[in-house]
Every structure is written in structure tokens, then in C-alpha cells.
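**Student:** After the C-alpha cells below, expect a handful of questions from me.
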Amino acid sequence: MTVNQRRLTQHYFMTAPMPCPYLPGRFERKLVTELRGPEANNVHDLLSRAGFRRSHSIAYLPACSDCNACVPVRVRCDGFEPSRSFRRIKNRNNDLVRKVMPPSATQEQYQLFSTYQDARHGNGDMARMDARDYRAMIEDSTVETSIFEYRRDDDSLIAVALVDILADGLSAVYSFFDPEEDRRGLGTYIVLDLIDEARMLSLPHVYLGYWIGDCRKMSYKMRFQPLEGFRDGQWVSMEDADSDAN
């Protein structure tokens with residue numbers, strides 16, 4: 001399949017059915033395309049606005065014939081007001097220093113990544129990633145990408161976010177953190193920090209990937225209002241999505 005937008009021609013392919021990592025008993029298929037060449041950033045911008053996500057040099061979109069549970073979501077930064085609980089999380093982490101760097105993998109990052117996977121996703125595919133796999137996840141990008149490192153006062157690494165920079169926002173590709181620091185709410189803090197950074201850069205959105213109503217570990221995304229979801233070819237408010245899913 002091919003599509004032409006703004007003179008940018010892409011070739012798309014459908015993956016074979018695979019077990020769904022989020023909903024037991026279901027199978028997923030994805031529409032995928034490569035992000036290559038001098039127009040990779042422009043293509044990535046266009047596809048992100050159409051609900052695609054990036055992994056390595058591939059952009060993908062769920063294309064399951066009997067399921068539409070995966071909803072691409074993004075925070076609208078101009079309307080976001082942190083709640084009291086969000087402000088508490090920011091205060092708990094005001095000792096951290098964030099460093100923005102090119103997407104280069106380090107052993108320190110990989111050790112934290114492995115610790116996080118073992119504690120939070122021990123049965124998942126990512127828990128089996130070795131250092132080479134991790135390096136590929138971080139460095140195999142053909143678009144504008146950064147690593148956000150979060151460090152304690154003693155310079156020890158506590159959290160990492162892989163972030164794509166889009167024309168209309170920041171895209172949280174993947175994040176991980178010290179699982180022993182539960183009290184800090186680091187996963188939430190990273191999203192709050194990305195919203196602050198997007199505002200500083202005058203970018204209107206933070207893309208958070210896919211939300212699935214029946215997947216508990218995706219429920220946190222609904223807390224970041226105003227949240228928009230890409231449904232039926234347009235971005236719409238997700239404010240009532242929780243009640244719609246029940």
C-alpha cells in the first residue's frame with residue numbers, strides 16, 4: 001500500500017497476527033512503515049498526528065480487524081493544570097536534575113532499565129532484552145530524538161525517558177526508573193516534566209502512546225487532562241473515556 005501526502009510517499013505493510021501484550025486471548029496486527037531518508041522527520045510528524053507511534057526506525061499503528069481498544073492519546077498542554085496530587089509529586093522530586101542528551105545508550109542506563117524490567121515487567125518481552133537490544137532501542141532512530149536523564153544530588157541515575165521531538169509536541173517513546181523509589185511517583189513525574197518542557201518550547205502536545213480502557217496499567221494516562229484521543233480520523237476529548245469504557 002502507498003500513500004502520498006505533501007509529496008511524501010510511504011510504503012505500508014501489515015504484520016502477521018501476534019498475541020496481544022495488553023489484552024489476554026486477543027491477537028494484534030500492526031500497520032508499519034519505515035522512517036528513512038531526509039524526510040524522515042516530516043513523515044514522523046504527519047504519522048504521529050494520525051495516531052502512529054515509533055519504535056526504532058519504524059512507525060506503526062494497531063490495525064486489528066476485530067478490536068479498536070488501542071486509542072492514541074496526547075495531552076493538550078495549554079489547558080493542563082496540575083492537581084494537588086501532581087503538585088505533591090513535583091515537590092517530592094524537586095531535588096532531581098534533568099539532563100537532555102543525544103540518544104546514546106550507556107551501561108548505567110541499561111542497569112537501571114534491567115532493574116526496572118525485572119521489578120515491573122518480569123514476564124514481558126522487554127525483560128529479556130540484553131545490552132545490545134537496549135542500545136538498539138535507544139540509538140536506532142532516524143528522527144529527532146533525545147534522552148532525558150534524571151539524577152539525584154549525588155549524580156546517581158534515577159529515571160530515564162526516551163523522547164521524540166515533533167513539530168507539534170514531545171512524544172514519550174519509553175521511560176523507566178528506579179522501582180525502589182515508589183514514593184516519588186517517578187512515572188507521573190516524567191510526564192509532568194515533559195509537559196513543562198513542551199510548554200517552554202511552545203509545543204502544544206505531549207504524546208503518551210496508546211490508552212486501553214480494559215488495561216489497568218494504561219489507566220494513569222487518563223489523569224492528565226485535557227487528554228485527546230485519535231478516534232475516527234480526528235483528535236477528540238477523552239475526558240469521558242473512562243465512563244465510556246465501562
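We name chains A, B, ... following the order of the C-alpha cells; residues begin at 1 in each chain, and ligands are numbered from 1 as shown.
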List the neighbours of region 19-27 of chain A out to 10 Å using only C-alpha atoms; skip same-chain residues closer than 3 positions along the sequence, and give me the result as a list in words.

**Tutor:**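 Residues meeting the cut-off are Ala16, Cys64, Ser65, Asp66, Cys67, Ala69, Cys70, Gly124, Asp125, Ile212, Asp214, Cys215, Arg216, Lys217 and Met218 of chain A.
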
**Student:** With all heavy atoms retained, export the selected residues as an mmCIF file, in the first residue's frame.

**Tutor:**
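What follows is the written file selection31.cif:
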data_model
loop_
_atom_site.group_PDB
_atom_site.id
_atom_site.type_symbol
_atom_site.label_atom_id
_atom_site.label_comp_id
_atom_site.auth_asym_id
_atom_site.auth_seq_id
_atom_site.Cartn_x
_atom_site.Cartn_y
_atom_site.Cartn_z
ATOM 1 N N ALA A 16 1.946 -9.955 10.620
ATOM 2 C CA ALA A 16 1.163 -11.160 10.887
ATOM 3 C C ALA A 16 0.547 -11.070 12.283
ATOM 4 O O ALA A 16 1.062 -10.353 13.148
ATOM 5 C CB ALA A 16 2.056 -12.388 10.780
ATOM 6 N N CYS A 64 -6.015 -4.039 14.097
ATOM 7 C CA CYS A 64 -6.673 -5.309 14.419
ATOM 8 C C CYS A 64 -8.081 -5.312 13.835
ATOM 9 O O CYS A 64 -8.836 -4.354 14.034
ATOM 10 C CB CYS A 64 -6.716 -5.514 15.925
ATOM 11 S SG CYS A 64 -5.101 -5.322 16.728
ATOM 12 N N SER A 65 -8.436 -6.369 13.145
ATOM 13 C CA SER A 65 -9.703 -6.395 12.418
ATOM 14 C C SER A 65 -10.909 -6.437 13.343
ATOM 15 O O SER A 65 -11.975 -5.918 13.005
ATOM 16 C CB SER A 65 -9.741 -7.607 11.470
ATOM 17 O OG SER A 65 -9.581 -8.808 12.200
ATOM 18 N N ASP A 66 -10.767 -7.027 14.533
ATOM 19 C CA ASP A 66 -11.926 -7.192 15.414
ATOM 20 C C ASP A 66 -11.781 -6.443 16.731
ATOM 21 O O ASP A 66 -12.448 -6.759 17.710
ATOM 22 C CB ASP A 66 -12.163 -8.678 15.693
ATOM 23 C CG ASP A 66 -10.944 -9.348 16.314
ATOM 24 O OD1 ASP A 66 -9.873 -8.704 16.334
ATOM 25 O OD2 ASP A 66 -11.059 -10.498 16.765
ATOM 26 N N CYS A 67 -10.895 -5.453 16.779
ATOM 27 C CA CYS A 67 -10.662 -4.735 18.029
ATOM 28 C C CYS A 67 -10.149 -3.332 17.721
ATOM 29 O O CYS A 67 -9.294 -3.146 16.861
ATOM 30 C CB CYS A 67 -9.649 -5.501 18.889
ATOM 31 S SG CYS A 67 -9.237 -4.682 20.454
ATOM 32 N N ALA A 69 -9.426 -1.264 20.619
ATOM 33 C CA ALA A 69 -9.211 -0.852 22.010
ATOM 34 C C ALA A 69 -8.067 0.134 22.166
ATOM 35 O O ALA A 69 -8.073 0.955 23.092
ATOM 36 C CB ALA A 69 -8.966 -2.082 22.882
ATOM 37 N N CYS A 70 -7.050 0.078 21.306
ATOM 38 C CA CYS A 70 -5.893 0.966 21.420
ATOM 39 C C CYS A 70 -6.234 2.350 20.874
ATOM 40 O O CYS A 70 -6.508 2.496 19.680
ATOM 41 C CB CYS A 70 -4.696 0.396 20.660
ATOM 42 S SG CYS A 70 -4.012 -1.113 21.384
ATOM 43 N N GLY A 124 7.480 -9.933 30.755
ATOM 44 C CA GLY A 124 7.332 -9.324 29.437
ATOM 45 C C GLY A 124 8.537 -9.537 28.549
ATOM 46 O O GLY A 124 9.626 -9.918 28.999
ATOM 47 N N ASP A 125 8.343 -9.277 27.265
ATOM 48 C CA ASP A 125 9.423 -9.462 26.291
ATOM 49 C C ASP A 125 10.605 -8.540 26.575
ATOM 50 O O ASP A 125 11.762 -8.908 26.365
ATOM 51 C CB ASP A 125 8.900 -9.203 24.868
ATOM 52 C CG ASP A 125 7.942 -10.289 24.403
ATOM 53 O OD1 ASP A 125 7.961 -11.389 24.981
ATOM 54 O OD2 ASP A 125 7.176 -10.020 23.454
ATOM 55 N N ILE A 212 -5.727 2.038 26.677
ATOM 56 C CA ILE A 212 -6.644 0.915 26.510
ATOM 57 C C ILE A 212 -7.542 0.860 27.736
ATOM 58 O O ILE A 212 -7.050 0.705 28.867
ATOM 59 C CB ILE A 212 -5.886 -0.420 26.350
ATOM 60 C CG1 ILE A 212 -4.958 -0.345 25.130
ATOM 61 C CG2 ILE A 212 -6.842 -1.585 26.213
ATOM 62 C CD1 ILE A 212 -4.032 -1.545 24.998
ATOM 63 N N ASP A 214 -9.517 -1.317 29.048
ATOM 64 C CA ASP A 214 -9.543 -2.534 29.855
ATOM 65 C C ASP A 214 -8.166 -2.957 30.349
ATOM 66 O O ASP A 214 -8.005 -4.064 30.858
ATOM 67 C CB ASP A 214 -10.154 -3.693 29.047
ATOM 68 C CG ASP A 214 -11.632 -3.479 28.771
ATOM 69 O OD1 ASP A 214 -12.290 -2.808 29.600
ATOM 70 O OD2 ASP A 214 -12.131 -3.972 27.739
ATOM 71 N N CYS A 215 -7.175 -2.093 30.216
ATOM 72 C CA CYS A 215 -5.813 -2.415 30.648
ATOM 73 C C CYS A 215 -5.453 -1.504 31.829
ATOM 74 O O CYS A 215 -5.289 -0.297 31.652
ATOM 75 C CB CYS A 215 -4.828 -2.230 29.494
ATOM 76 S SG CYS A 215 -3.129 -2.669 29.913
ATOM 77 N N ARG A 216 -5.330 -2.087 33.014
ATOM 78 C CA ARG A 216 -5.128 -1.297 34.224
ATOM 79 C C ARG A 216 -3.853 -0.461 34.174
ATOM 80 O O ARG A 216 -3.830 0.671 34.643
ATOM 81 C CB ARG A 216 -5.107 -2.229 35.445
ATOM 82 C CG ARG A 216 -5.019 -1.503 36.785
ATOM 83 C CD ARG A 216 -5.120 -2.490 37.940
ATOM 84 N NE ARG A 216 -4.037 -3.440 37.894
ATOM 85 C CZ ARG A 216 -2.824 -3.213 38.409
ATOM 86 N NH1 ARG A 216 -2.549 -2.040 38.959
ATOM 87 N NH2 ARG A 216 -1.884 -4.136 38.350
ATOM 88 N N LYS A 217 -2.778 -1.023 33.600
ATOM 89 C CA LYS A 217 -1.522 -0.280 33.623
ATOM 90 C C LYS A 217 -1.525 0.909 32.662
ATOM 91 O O LYS A 217 -0.596 1.712 32.665
ATOM 92 C CB LYS A 217 -0.345 -1.202 33.308
ATOM 93 C CG LYS A 217 -0.345 -1.857 31.949
ATOM 94 C CD LYS A 217 0.842 -2.805 31.854
ATOM 95 C CE LYS A 217 0.875 -3.547 30.530
ATOM 96 N NZ LYS A 217 2.008 -4.491 30.450
ATOM 97 N N MET A 218 -2.577 1.039 31.841
ATOM 98 C CA MET A 218 -2.714 2.213 30.971
ATOM 99 C C MET A 218 -3.578 3.297 31.605
ATOM 100 O O MET A 218 -3.674 4.410 31.082
ATOM 101 C CB MET A 218 -3.364 1.806 29.647
ATOM 102 C CG MET A 218 -2.564 0.843 28.810
ATOM 103 S SD MET A 218 -1.240 1.688 27.948
ATOM 104 C CE MET A 218 -0.790 0.447 26.734
#

**Student:** Write out as a list of chain:residue names which residues come within 10 Å of Tyr134 (chain A) when counting only C-alpha atoms, dropping same-chain ones fewer than 5 positions away.

**Tutor:**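 So the residues in contact are A:Ala105, A:Thr106, A:Gln107, A:Gln109, A:Tyr110, A:Phe113, A:Ser114, A:Met126, A:Met129, A:Glu139, A:Asp140.
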
**Student:** With DSSP run on the backbone, what are the strand (DSSP E) residues within region 74-210 of chain A? I'd like them as an MDAnalysis selection string.

**Tutor:** chainID A and resid 74:76 97:101 145:151 157:166 169:177 205:210

**Student:** May I have the residues from that selection written out with N, CA, C and O atoms, as a compact mmCIF listing (two decimals), in the first residue's frame?

**Tutor:**
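Done, and the output landed in result09.txt:
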# COMPACT_ATOMS: atom_id res chain seq x y z
N ARG A 74 -2.88 12.10 23.58
CA ARG A 74 -1.92 13.17 23.78
C ARG A 74 -2.50 14.20 24.76
O ARG A 74 -3.72 14.43 24.79
N VAL A 75 -1.65 14.80 25.57
CA VAL A 75 -2.05 15.85 26.50
C VAL A 75 -2.04 17.18 25.76
O VAL A 75 -1.10 17.48 25.01
N ARG A 76 -3.08 17.96 25.95
CA ARG A 76 -3.10 19.32 25.41
C ARG A 76 -2.51 20.25 26.46
O ARG A 76 -3.13 20.56 27.48
N VAL A 97 17.80 16.52 39.04
CA VAL A 97 18.33 17.33 37.94
C VAL A 97 18.12 16.57 36.65
O VAL A 97 18.49 15.40 36.54
N ARG A 98 17.48 17.23 35.68
CA ARG A 98 17.25 16.59 34.38
C ARG A 98 18.32 17.05 33.39
O ARG A 98 18.61 18.23 33.27
N LYS A 99 18.88 16.07 32.68
CA LYS A 99 19.85 16.36 31.63
C LYS A 99 19.31 15.84 30.31
O LYS A 99 18.91 14.68 30.22
N VAL A 100 19.29 16.68 29.29
CA VAL A 100 18.82 16.30 27.96
C VAL A 100 20.03 16.06 27.08
O VAL A 100 20.89 16.93 26.94
N MET A 101 20.08 14.85 26.50
CA MET A 101 21.26 14.44 25.76
C MET A 101 20.87 13.75 24.46
O MET A 101 19.72 13.33 24.29
N THR A 145 15.51 12.79 18.23
CA THR A 145 15.26 12.06 19.47
C THR A 145 16.25 12.51 20.54
O THR A 145 17.40 12.82 20.23
N SER A 146 15.79 12.51 21.79
CA SER A 146 16.66 12.86 22.91
C SER A 146 16.47 11.86 24.04
O SER A 146 15.44 11.19 24.14
N ILE A 147 17.48 11.80 24.90
CA ILE A 147 17.38 11.07 26.17
C ILE A 147 17.28 12.10 27.29
O ILE A 147 18.10 13.01 27.38
N PHE A 148 16.25 11.94 28.11
CA PHE A 148 16.12 12.75 29.32
C PHE A 148 16.59 11.90 30.49
O PHE A 148 15.95 10.89 30.81
N GLU A 149 17.69 12.26 31.11
CA GLU A 149 18.17 11.57 32.31
C GLU A 149 17.82 12.40 33.53
O GLU A 149 17.99 13.62 33.54
N TYR A 150 17.34 11.73 34.58
CA TYR A 150 17.00 12.38 35.84
C TYR A 150 17.94 11.84 36.92
O TYR A 150 18.02 10.63 37.13
N ARG A 151 18.65 12.75 37.60
CA ARG A 151 19.68 12.35 38.55
C ARG A 151 19.43 12.97 39.93
O ARG A 151 18.93 14.08 40.05
N LEU A 157 21.81 7.94 38.76
CA LEU A 157 20.68 7.94 37.82
C LEU A 157 19.46 7.31 38.47
O LEU A 157 19.53 6.21 39.01
N ILE A 158 18.32 8.01 38.39
CA ILE A 158 17.10 7.50 38.99
C ILE A 158 16.00 7.23 37.97
O ILE A 158 15.12 6.41 38.19
N ALA A 159 16.04 7.91 36.82
CA ALA A 159 14.99 7.74 35.80
C ALA A 159 15.51 8.17 34.44
O ALA A 159 16.41 9.00 34.34
N VAL A 160 14.89 7.60 33.40
CA VAL A 160 15.28 7.88 32.01
C VAL A 160 14.02 7.92 31.15
O VAL A 160 13.10 7.11 31.34
N ALA A 161 13.98 8.86 30.23
CA ALA A 161 12.90 8.92 29.24
C ALA A 161 13.50 9.07 27.85
O ALA A 161 14.38 9.90 27.64
N LEU A 162 13.04 8.23 26.93
CA LEU A 162 13.39 8.36 25.51
C LEU A 162 12.29 9.18 24.86
O LEU A 162 11.11 8.80 24.91
N VAL A 163 12.66 10.32 24.29
CA VAL A 163 11.68 11.32 23.85
C VAL A 163 11.94 11.73 22.41
O VAL A 163 13.06 12.10 22.06
N ASP A 164 10.90 11.67 21.58
CA ASP A 164 10.98 12.20 20.22
C ASP A 164 10.49 13.64 20.22
O ASP A 164 9.51 13.97 20.91
N ILE A 165 11.16 14.48 19.44
CA ILE A 165 10.77 15.88 19.32
C ILE A 165 10.03 16.06 18.00
O ILE A 165 10.61 15.87 16.92
N LEU A 166 8.77 16.40 18.10
CA LEU A 166 7.91 16.59 16.93
C LEU A 166 7.68 18.07 16.68
O LEU A 166 7.96 18.91 17.54
N GLY A 169 4.92 18.82 19.31
CA GLY A 169 4.95 18.30 20.66
C GLY A 169 6.13 17.40 20.95
O GLY A 169 7.03 17.22 20.12
N LEU A 170 6.10 16.82 22.15
CA LEU A 170 7.06 15.82 22.57
C LEU A 170 6.35 14.48 22.64
O LEU A 170 5.20 14.39 23.08
N SER A 171 7.03 13.43 22.20
CA SER A 171 6.45 12.09 22.20
C SER A 171 7.24 11.22 23.17
O SER A 171 8.45 11.01 22.99
N ALA A 172 6.57 10.73 24.22
CA ALA A 172 7.21 9.86 25.20
C ALA A 172 7.28 8.44 24.62
O ALA A 172 6.30 7.70 24.63
N VAL A 173 8.44 8.08 24.09
CA VAL A 173 8.60 6.77 23.46
C VAL A 173 8.65 5.67 24.50
O VAL A 173 7.96 4.66 24.41
N TYR A 174 9.51 5.85 25.52
CA TYR A 174 9.60 4.87 26.60
C TYR A 174 10.30 5.52 27.79
O TYR A 174 11.17 6.37 27.62
N SER A 175 9.89 5.12 28.99
CA SER A 175 10.54 5.63 30.19
C SER A 175 10.67 4.51 31.21
O SER A 175 9.90 3.55 31.20
N PHE A 176 11.64 4.65 32.09
CA PHE A 176 11.86 3.68 33.17
C PHE A 176 12.55 4.39 34.31
O PHE A 176 13.10 5.48 34.15
N PHE A 177 12.52 3.76 35.50
CA PHE A 177 13.02 4.44 36.69
C PHE A 177 13.33 3.41 37.78
O PHE A 177 13.02 2.22 37.64
N HIS A 205 1.57 19.83 22.50
CA HIS A 205 1.15 18.49 22.93
C HIS A 205 2.29 17.67 23.52
O HIS A 205 3.46 17.87 23.18
N VAL A 206 1.89 16.72 24.38
CA VAL A 206 2.77 15.62 24.79
C VAL A 206 2.05 14.33 24.43
O VAL A 206 0.95 14.05 24.93
N TYR A 207 2.65 13.55 23.54
CA TYR A 207 2.06 12.29 23.08
C TYR A 207 2.44 11.17 24.04
O TYR A 207 3.63 10.98 24.35
N LEU A 208 1.44 10.42 24.51
CA LEU A 208 1.66 9.40 25.53
C LEU A 208 1.45 7.98 25.02
O LEU A 208 1.36 7.04 25.82
N GLY A 209 1.37 7.80 23.72
CA GLY A 209 1.19 6.44 23.21
C GLY A 209 -0.27 6.03 23.21
O GLY A 209 -1.16 6.86 22.97
N TYR A 210 -0.53 4.76 23.53
CA TYR A 210 -1.89 4.22 23.43
C TYR A 210 -2.52 4.03 24.81
O TYR A 210 -1.85 3.61 25.76

**Student:** Contacts between region 189-194 of chain A and region 74-166 of chain A, please, where a residue of region 74-166 of chain A counts if it comes within 8 Å (with only C-alpha atoms); show its shortest atom pair and distance in Å to one decimal, rows by chain and ascending number, as a tab-separated table.

**Tutor:**
residue	atom	partner	partner_atom	distance
A:Phe86	CA	A:Leu192	CA	7.8
A:Ile89	CA	A:Tyr189	CA	6.4
A:Lys90	CA	A:Tyr189	CA	6.3
A:Asn93	CA	A:Tyr189	CA	7.6
A:Ala161	CA	A:Ile190	CA	7.4

**Student:** Would you mind exporting all heavy atoms of the selected residues as a PDB file, in the first residue's frame?

**Tutor:**
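Contents of the output file part-v7.pdb:
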ATOM      1  N   PHE A  86      -0.594  16.048  41.807  1.00  0.00           N
ATOM      2  CA  PHE A  86       0.508  16.281  40.864  1.00  0.00           C
ATOM      3  C   PHE A  86       1.525  17.264  41.456  1.00  0.00           C
ATOM      4  O   PHE A  86       2.737  17.083  41.299  1.00  0.00           O
ATOM      5  CB  PHE A  86      -0.034  16.831  39.543  1.00  0.00           C
ATOM      6  CG  PHE A  86      -0.647  15.792  38.649  1.00  0.00           C
ATOM      7  CD1 PHE A  86      -1.490  16.166  37.604  1.00  0.00           C
ATOM      8  CD2 PHE A  86      -0.380  14.445  38.812  1.00  0.00           C
ATOM      9  CE1 PHE A  86      -2.056  15.221  36.764  1.00  0.00           C
ATOM     10  CE2 PHE A  86      -0.940  13.483  37.970  1.00  0.00           C
ATOM     11  CZ  PHE A  86      -1.775  13.877  36.953  1.00  0.00           C
ATOM     12  N   ILE A  89       3.733  15.485  43.865  1.00  0.00           N
ATOM     13  CA  ILE A  89       4.745  14.668  43.189  1.00  0.00           C
ATOM     14  C   ILE A  89       5.886  15.532  42.678  1.00  0.00           C
ATOM     15  O   ILE A  89       7.068  15.174  42.801  1.00  0.00           O
ATOM     16  CB  ILE A  89       4.094  13.865  42.050  1.00  0.00           C
ATOM     17  CG1 ILE A  89       3.226  12.748  42.628  1.00  0.00           C
ATOM     18  CG2 ILE A  89       5.150  13.289  41.103  1.00  0.00           C
ATOM     19  CD1 ILE A  89       2.403  11.992  41.609  1.00  0.00           C
ATOM     20  N   LYS A  90       5.563  16.682  42.119  1.00  0.00           N
ATOM     21  CA  LYS A  90       6.621  17.583  41.649  1.00  0.00           C
ATOM     22  C   LYS A  90       7.497  18.050  42.813  1.00  0.00           C
ATOM     23  O   LYS A  90       8.733  18.120  42.691  1.00  0.00           O
ATOM     24  CB  LYS A  90       6.006  18.780  40.914  1.00  0.00           C
ATOM     25  CG  LYS A  90       5.324  18.410  39.606  1.00  0.00           C
ATOM     26  CD  LYS A  90       4.711  19.606  38.912  1.00  0.00           C
ATOM     27  CE  LYS A  90       5.761  20.427  38.199  1.00  0.00           C
ATOM     28  NZ  LYS A  90       5.156  21.439  37.299  1.00  0.00           N
ATOM     29  N   ASN A  93      10.065  15.573  44.004  1.00  0.00           N
ATOM     30  CA  ASN A  93      11.170  15.346  43.074  1.00  0.00           C
ATOM     31  C   ASN A  93      11.919  16.620  42.704  1.00  0.00           C
ATOM     32  O   ASN A  93      12.676  16.628  41.733  1.00  0.00           O
ATOM     33  CB  ASN A  93      10.629  14.675  41.803  1.00  0.00           C
ATOM     34  CG  ASN A  93      10.140  13.269  42.056  1.00  0.00           C
ATOM     35  OD1 ASN A  93      10.935  12.337  42.206  1.00  0.00           O
ATOM     36  ND2 ASN A  93       8.826  13.087  42.124  1.00  0.00           N
ATOM     37  N   ALA A 161      13.981   8.864  30.227  1.00  0.00           N
ATOM     38  CA  ALA A 161      12.901   8.916  29.245  1.00  0.00           C
ATOM     39  C   ALA A 161      13.495   9.066  27.846  1.00  0.00           C
ATOM     40  O   ALA A 161      14.377   9.905  27.640  1.00  0.00           O
ATOM     41  CB  ALA A 161      11.943  10.064  29.534  1.00  0.00           C
TER      42      ALA A 161
END

**Student:** From a DSSP calculation on the backbone, collect every residue of region 39-93 of chain A in helix (DSSP H, G or I) and output the set as a list in words.

**Tutor:** Ala40, Asn41, Asn42, Val43, His44, Asp45, Leu46, Leu47, Ser48, Arg49, Cys77, Asp78, Gly79, Arg84, Ser85, Phe86, Arg87, Arg88, Ile89, Lys90, Asn91 and Arg92 of chain A

**Student:** Quick one: pull the distance between CA of Ala63 (chain A) and CA of Ala50 (chain A), Å, one decimal.

**Tutor:**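 Computed distance, CA of Ala63 (chain A) to CA of Ala50 (chain A), equals 13.0 Å.
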
**Student:** One decimal, Å: what's the distance from CA of Glu228 (chain A) over to CA of Thr9 (chain A), could you say?

**Tutor:**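 Taking CA of Glu228 (chain A) and CA of Thr9 (chain A), their separation equals 27.5 Å.
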
**Student:** Give me the residues within 10 Å of Arg231 (chain A) as a PyMOL selection string, counting only C-alpha atoms and dropping any in the same chain fewer than 3 places off.

**Tutor:** chain A and resi 50-51+68+70-73+228+234-238

**Student:** Give the answer as one residue: which of A:Glu34, A:Glu239, A:Glu180, A:Glu28 has the shortest atom-to-atom distance to Thr115 (chain A), using only C-alpha atoms?

**Tutor:**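 Ranking A:Glu34, A:Glu239, A:Glu180, A:Glu28 by distance to Thr115 (chain A), first place goes to A:Glu180.
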
**Student:** Rounded to one decimal in Å, what is the spacing between CA of Asp95 (chain A) and CA of Gly187 (chain A)?

**Tutor:** 15.9 Å

**Student:** Determine, counting only C-alpha atoms, which protein, DNA and RNA residues have an atom within 8 Å of an atom of Leu61 (chain A); residues of the same chain fewer than 5 positions away are not included. Present the result as a VMD selection string.

**Tutor:** chain A and resid 30 to 32 51 to 53

**Student:** Filtering to N, CA and C atoms, could you give me those residues as a PDB file, in the first residue's frame?

**Tutor:**
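Saved file again_1.pdb follows:
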ATOM      1  N   LYS A  30      -0.347  -4.920  13.108  1.00  0.00           N
ATOM      2  CA  LYS A  30       0.073  -3.535  13.012  1.00  0.00           C
ATOM      3  C   LYS A  30       0.316  -3.144  11.567  1.00  0.00           C
ATOM      4  N   LEU A  31      -0.019  -1.898  11.270  1.00  0.00           N
ATOM      5  CA  LEU A  31       0.354  -1.274  10.008  1.00  0.00           C
ATOM      6  C   LEU A  31       1.689  -0.582  10.251  1.00  0.00           C
ATOM      7  N   VAL A  32       2.712  -0.927   9.477  1.00  0.00           N
ATOM      8  CA  VAL A  32       4.050  -0.399   9.743  1.00  0.00           C
ATOM      9  C   VAL A  32       4.629   0.250   8.485  1.00  0.00           C
ATOM     10  N   GLY A  51      -1.912   9.162  14.687  1.00  0.00           N
ATOM     11  CA  GLY A  51      -2.008   8.099  15.672  1.00  0.00           C
ATOM     12  C   GLY A  51      -0.892   7.076  15.670  1.00  0.00           C
ATOM     13  N   PHE A  52       0.099   7.231  14.787  1.00  0.00           N
ATOM     14  CA  PHE A  52       1.202   6.274  14.740  1.00  0.00           C
ATOM     15  C   PHE A  52       2.169   6.509  15.905  1.00  0.00           C
ATOM     16  N   ARG A  53       2.912   5.458  16.234  1.00  0.00           N
ATOM     17  CA  ARG A  53       3.992   5.522  17.211  1.00  0.00           C
ATOM     18  C   ARG A  53       5.280   5.051  16.553  1.00  0.00           C
TER      19      ARG A  53
END

**Student:** In terms of the shortest atom-to-atom distance over only C-alpha atoms, which of A:Ser57, A:Arg92, A:Gln117, A:Asp155 is closest to Glu181 (chain A)?

**Tutor:**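 Result for the nearest residue to Glu181 (chain A): A:Arg92.
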